[in-house]
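Notes for the one structure printed next.
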Amino acid sequence: MQKKAWIAVVCLLALLTLAGCGKKSQEDVITDLTNQVSDMKGYQMKGEMTLKTSSGDQEYDVEIWHKKPNFYRVSLENEDQDHVQMILRNKEGVYVVTPALNKSYKFQSDWPNQSSQAYLYESLIKDLQEDKEAKLKETEKTYVFETKTNYSNKDSLPTQEIAFKKDSLALESVKIKDTKGNIIVSIVFDEVKFNPSLKEKDFDTEKNMTSMKLNEEELTVSDEPFSVQYPMLEGLEGINLIEEKEVTTDTGVRHVLVYGGEKNFTLIEEKARIESAIAVETVAGEPVDLGLCIGSFTDHMLSWTHNGIQFYLASTDLTAEEMAEVASSLTNAVMK
């Protein structure tokens, strides 16, 4: 009897040990993800990003290439609007490439290290590492983390849900939520490849500009007047349009909108100029993701191009986040 009892105890302990090995703690999973970032040489990912706006859901394809230590290629494409932009980081610097205008902007920037990026694997792992209140829940095939964000607009989009596949630790989806818990930005990845064979030349600015132009229809700027876009000022109380004027310049018509009240800002809109040859403009600022396009932010100025219109937003009163929100509302208005 004693021998049988001892065998039963041994078997029970063995079962408990096996059960314990099958269940990883939250710390174990974060350690595995951290090691994945440390060990890999880079990655390629493809997915679809959905942005919820007042004019409905806007979707675009996103493709990311990363080669350690700091080479990046992020392509954003909205097929409905035939709009393509790319962020490149190579030995020469950080570029925002807009092939329809035959133009790229060069930034003296440390992008993407200033803030989190929802489509960069290592950036999301860093969010997990830094949030001591992050929570893990599991499904049969995924690890799902609820964590704080560290985006430039983290006050209005404070939390995110990040899902990883258990078998490969590949990124499956990212869902970014507003203060009420509504999903505002969703990215679903359908292809993730670790340690791809990427070369430095794959991140060359001119090479990528040429490749993008071959795959995009030429943008033509019509002589017809364009419709002025007015921002939605939700969350910015006490601000009104106090002056609107039309100015004729050497390059065409420029619309100037002046807003005042609790805070003041000036918005300028004009037709974008298409360069006759590939042009590179150096700007002192940071690239900023405005949802369906990428802008340039300096001390008190935010500029961007969308659907053939060049926008400039200037203010000493608005915060960087408020300026991005005004710009995003304009971008979405263009989409209507």
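Identifiers for the structure tokens are assigned positionally: chains receive A, B, ... in sequence, residues are indexed from 1 per chain, and ligands are indexed from 1 in the order shown.
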
Shell of 7 Å around stretch 163-178 of chain A, only C-alpha atoms, local chain residues under 3 positions omitted, as a list in words: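 Answer for this query is Leu33, Ala118, Lys141, Thr142, Tyr143, Val144, Phe145, Ser156, Leu157, Pro158, Thr159, Gln160, Gly181, Asn182, Ile183, Ile184, Val185, Ser186, Ile187, Val188, Phe189 and Val192 of chain A.
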
- request: Within stretch 147-329 of chain A, find each residue whose DSSP state, derived from the backbone, is strand (DSSP E or B), and express the selection as a ChimeraX atom specification.
  value: /A:147-148,159-165,171-177,183-194,239-249,252-261,265-271,279-283,286-289,294-297,301-306,309-314

message: Env of A:Val247: 12 Å cut, atoms = only C-alpha atoms, seq-sep filter 6 positions within chain, self excluded. Answer as a ChimeraX atom specification.
response: /A:253-257,268-270

Write a file of the just-selected residues containing C-alpha atoms, as an mmCIF file, in the first residue's frame.
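Resulting contents of selection_18.cif:
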```
data_model
loop_
_atom_site.group_PDB
_atom_site.id
_atom_site.type_symbol
_atom_site.label_atom_id
_atom_site.label_comp_id
_atom_site.auth_asym_id
_atom_site.auth_seq_id
_atom_site.Cartn_x
_atom_site.Cartn_y
_atom_site.Cartn_z
ATOM 1 C CA VAL A 253 -4.839 81.016 -55.283
ATOM 2 C CA ARG A 254 -4.203 80.684 -51.553
ATOM 3 C CA HIS A 255 -7.010 80.522 -49.002
ATOM 4 C CA VAL A 256 -6.274 81.903 -45.530
ATOM 5 C CA LEU A 257 -8.564 81.019 -42.605
ATOM 6 C CA ILE A 268 -3.600 78.146 -45.196
ATOM 7 C CA GLU A 269 -4.704 75.978 -48.122
ATOM 8 C CA GLU A 270 -3.421 75.961 -51.699
#
```

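Comparing A:Glu92, A:Asp190, A:Glu59, A:Glu321 by their smallest distance to A:Ser109, the closest is A:Glu92 (using only C-alpha atoms).
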
- prompt: Could you state the separation of atom CA of A:Leu124 and atom CA of A:Ser104 in Å, given to one decimal place?
  reply: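 So the two atoms, atom CA of A:Leu124 and atom CA of A:Ser104, lie 27.3 Å apart.
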
task: Measuring atom to atom with only C-alpha atoms, identify which of A:Gln310, A:Thr266, A:Asn90, A:Thr282 is nearest to A:Asp204.
output: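 Looking only at the distances to A:Asp204, the closest residue turns out to be A:Asn90.
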
- prompt: Can you list every residue in stretch 50-254 of chain A that DSSP puts in helix (DSSP H, G or I), as a ChimeraX atom specification?
  reply: /A:99-101,121-130,200-203,205-214

Once you have the residues from the selection above, write them out as a compact mmCIF listing (two decimals), in the first residue's frame, restricted to N, CA, C and O atoms.
```txt
# COMPACT_ATOMS: atom_id res chain seq x y z
N PRO A 99 5.30 60.24 -53.92
CA PRO A 99 5.60 60.08 -55.34
C PRO A 99 4.70 60.86 -56.27
O PRO A 99 5.12 61.27 -57.35
N ALA A 100 3.44 61.08 -55.89
CA ALA A 100 2.53 61.80 -56.77
C ALA A 100 3.00 63.23 -57.02
O ALA A 100 2.72 63.81 -58.07
N LEU A 101 3.74 63.81 -56.07
CA LEU A 101 4.27 65.16 -56.23
C LEU A 101 5.73 65.15 -56.67
O LEU A 101 6.34 66.20 -56.82
N TYR A 121 7.04 46.65 -34.53
CA TYR A 121 7.04 45.55 -33.56
C TYR A 121 7.78 45.93 -32.27
O TYR A 121 7.25 45.81 -31.16
N GLU A 122 9.02 46.40 -32.41
CA GLU A 122 9.84 46.67 -31.23
C GLU A 122 9.30 47.85 -30.42
O GLU A 122 9.47 47.92 -29.20
N SER A 123 8.59 48.77 -31.09
CA SER A 123 8.00 49.90 -30.39
C SER A 123 6.87 49.43 -29.47
O SER A 123 6.73 49.91 -28.33
N LEU A 124 6.08 48.48 -29.92
CA LEU A 124 4.99 47.95 -29.11
C LEU A 124 5.52 47.12 -27.93
O LEU A 124 4.96 47.16 -26.83
N ILE A 125 6.61 46.39 -28.15
CA ILE A 125 7.22 45.65 -27.05
C ILE A 125 7.73 46.60 -25.98
O ILE A 125 7.61 46.34 -24.78
N LYS A 126 8.25 47.73 -26.40
CA LYS A 126 8.73 48.73 -25.44
C LYS A 126 7.57 49.27 -24.61
O LYS A 126 7.71 49.51 -23.40
N ASP A 127 6.40 49.46 -25.24
CA ASP A 127 5.22 49.90 -24.50
C ASP A 127 4.87 48.89 -23.41
O ASP A 127 4.51 49.26 -22.28
N LEU A 128 4.97 47.60 -23.73
CA LEU A 128 4.68 46.54 -22.76
C LEU A 128 5.68 46.59 -21.61
O LEU A 128 5.31 46.46 -20.44
N GLN A 129 6.93 46.77 -21.94
CA GLN A 129 7.97 46.77 -20.92
C GLN A 129 7.81 47.95 -19.94
O GLN A 129 8.07 47.80 -18.75
N GLU A 130 7.36 49.09 -20.46
CA GLU A 130 7.30 50.29 -19.64
C GLU A 130 6.01 50.43 -18.85
O GLU A 130 5.96 51.21 -17.89
N GLU A 200 20.78 47.07 -47.49
CA GLU A 200 20.72 48.52 -47.25
C GLU A 200 20.14 49.25 -48.46
O GLU A 200 19.42 50.25 -48.30
N LYS A 201 20.40 48.76 -49.66
CA LYS A 201 19.91 49.42 -50.86
C LYS A 201 18.38 49.37 -50.96
O LYS A 201 17.78 50.16 -51.69
N ASP A 202 17.74 48.44 -50.23
CA ASP A 202 16.29 48.36 -50.24
C ASP A 202 15.65 49.58 -49.58
O ASP A 202 14.45 49.80 -49.74
N PHE A 203 16.45 50.35 -48.86
CA PHE A 203 15.93 51.51 -48.15
C PHE A 203 16.39 52.82 -48.80
O PHE A 203 16.21 53.90 -48.23
N THR A 205 16.38 56.08 -50.90
CA THR A 205 15.27 57.01 -51.14
C THR A 205 14.89 57.09 -52.61
O THR A 205 13.72 56.95 -52.98
N GLU A 206 15.87 57.32 -53.48
CA GLU A 206 15.57 57.48 -54.91
C GLU A 206 15.02 56.20 -55.51
O GLU A 206 14.08 56.22 -56.32
N LYS A 207 15.57 55.07 -55.10
CA LYS A 207 15.10 53.77 -55.59
C LYS A 207 13.63 53.55 -55.23
O LYS A 207 12.83 53.11 -56.06
N ASN A 208 13.27 53.87 -54.02
CA ASN A 208 11.89 53.68 -53.58
C ASN A 208 10.95 54.70 -54.21
O ASN A 208 9.81 54.37 -54.54
N MET A 209 11.43 55.92 -54.41
CA MET A 209 10.62 56.93 -55.09
C MET A 209 10.29 56.46 -56.51
O MET A 209 9.14 56.50 -56.96
N THR A 210 11.29 55.98 -57.22
CA THR A 210 11.09 55.51 -58.59
C THR A 210 10.13 54.32 -58.63
O THR A 210 9.23 54.25 -59.48
N SER A 211 10.31 53.39 -57.71
CA SER A 211 9.45 52.21 -57.66
C SER A 211 8.00 52.59 -57.37
O SER A 211 7.07 52.06 -57.99
N MET A 212 7.80 53.53 -56.46
CA MET A 212 6.45 53.95 -56.11
C MET A 212 5.79 54.67 -57.27
O MET A 212 4.59 54.51 -57.52
N LYS A 213 6.56 55.48 -58.00
CA LYS A 213 5.97 56.22 -59.12
C LYS A 213 5.52 55.29 -60.22
O LYS A 213 4.53 55.55 -60.90
N LEU A 214 6.23 54.17 -60.42
CA LEU A 214 5.85 53.21 -61.45
C LEU A 214 4.52 52.54 -61.13
O LEU A 214 3.80 52.10 -62.02
```

- request: For A:Leu290, please output as JSON, numbers by chain all residues within 9 Å (counting only C-alpha atoms; exclusion window: fewer than 2 positions along the same chain).
  value: {"A": [288, 292, 293, 294, 295, 304, 324, 325, 327, 328, 331]}

- request: Rank nothing, just name the residue among A:Pro112, A:Gly291, A:Gly235, A:Gly260 nearest to A:Glu77, using only C-alpha atoms.
  value: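 Looking at the shortest contact to A:Glu77, the residue is A:Gly291.
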
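Each of A:Asn195, A:Asn102, A:Gln108, A:Thr179 was checked against A:Gly285 using only C-alpha atoms; the smallest atom-to-atom distance is that of A:Gln108.
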
message: Quick one: residues within 8 Å of A:Val258, only C-alpha atoms, excluding same-chain residues fewer than 4 positions away - as a PyMOL selection string?
response: chain A and resi 241-244+264-267

- prompt: Do you know which residues are at most 8 Å from A:Val280 counting only C-alpha atoms, after dropping those on the same chain fewer than 3 positions away, and could you put them as a list in words?
  reply: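 Near neighbours after the sequence-gap exclusion: Lys103, Ser104, Tyr105 and Lys106 of chain A.
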
Based on the selection just made, write C-alpha atoms of those residues as a PDB file, in the first residue's frame.
```
ATOM      1  CA  LYS A 103       8.955  65.034 -53.934  1.00  0.00           C
ATOM      2  CA  SER A 104      10.443  63.831 -50.664  1.00  0.00           C
ATOM      3  CA  TYR A 105      11.041  65.672 -47.406  1.00  0.00           C
ATOM      4  CA  LYS A 106      14.228  65.025 -45.458  1.00  0.00           C
TER       5      LYS A 106
END
```

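Minimum atom-to-atom distances from A:Val97, A:Gly238, A:Ile64, A:Asn70 to A:His83 were compared using only C-alpha atoms, and the lowest value belongs to A:Val97.
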
query: Taking into account only C-alpha atoms, which residue in the set A:Lys154, A:Phe107, A:Gln114, A:Phe226 is nearest to A:Ser296?
result: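 Of all the options, A:Phe107 lies closest to A:Ser296.
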
query: Which residues come within 12 Å of A:Pro196, counting only C-alpha atoms, excluding same-chain residues fewer than 5 positions away, as a list in words?
result: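 After dropping sequence-adjacent residues, the list is Met40, Lys41, Gly42, Tyr43, Gln44, Met45, Ile64, Trp65, His66, Lys67, Lys68 and Asp202 of chain A.
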
Using N, CA and C atoms, can you write the selected residues to a file as a compact mmCIF listing (two decimals), in the first residue's frame?
```txt
# COMPACT_ATOMS: atom_id res chain seq x y z
N MET A 40 16.31 38.93 -33.24
CA MET A 40 16.03 39.04 -34.67
C MET A 40 16.87 40.14 -35.33
N LYS A 41 17.06 39.99 -36.65
CA LYS A 41 17.84 40.96 -37.42
C LYS A 41 16.94 41.97 -38.13
N GLY A 42 15.63 41.72 -38.10
CA GLY A 42 14.69 42.61 -38.76
C GLY A 42 13.39 41.88 -39.04
N TYR A 43 12.50 42.52 -39.79
CA TYR A 43 11.23 41.89 -40.10
C TYR A 43 10.56 42.60 -41.28
N GLN A 44 9.57 41.91 -41.85
CA GLN A 44 8.66 42.48 -42.84
C GLN A 44 7.25 42.16 -42.39
N MET A 45 6.36 43.16 -42.45
CA MET A 45 4.97 42.95 -42.06
C MET A 45 4.05 43.67 -43.05
N ILE A 64 5.59 47.26 -43.73
CA ILE A 64 6.73 47.69 -42.93
C ILE A 64 7.92 46.79 -43.17
N TRP A 65 9.07 47.41 -43.44
CA TRP A 65 10.33 46.70 -43.50
C TRP A 65 11.25 47.30 -42.44
N HIS A 66 11.95 46.43 -41.72
CA HIS A 66 12.92 46.92 -40.73
C HIS A 66 14.17 46.06 -40.78
N LYS A 67 15.31 46.71 -40.86
CA LYS A 67 16.61 46.04 -40.79
C LYS A 67 17.42 46.70 -39.68
N LYS A 68 17.87 45.89 -38.75
CA LYS A 68 18.64 46.46 -37.66
C LYS A 68 19.95 47.06 -38.16
N ASP A 202 17.74 48.44 -50.23
CA ASP A 202 16.29 48.36 -50.24
C ASP A 202 15.65 49.58 -49.58
```
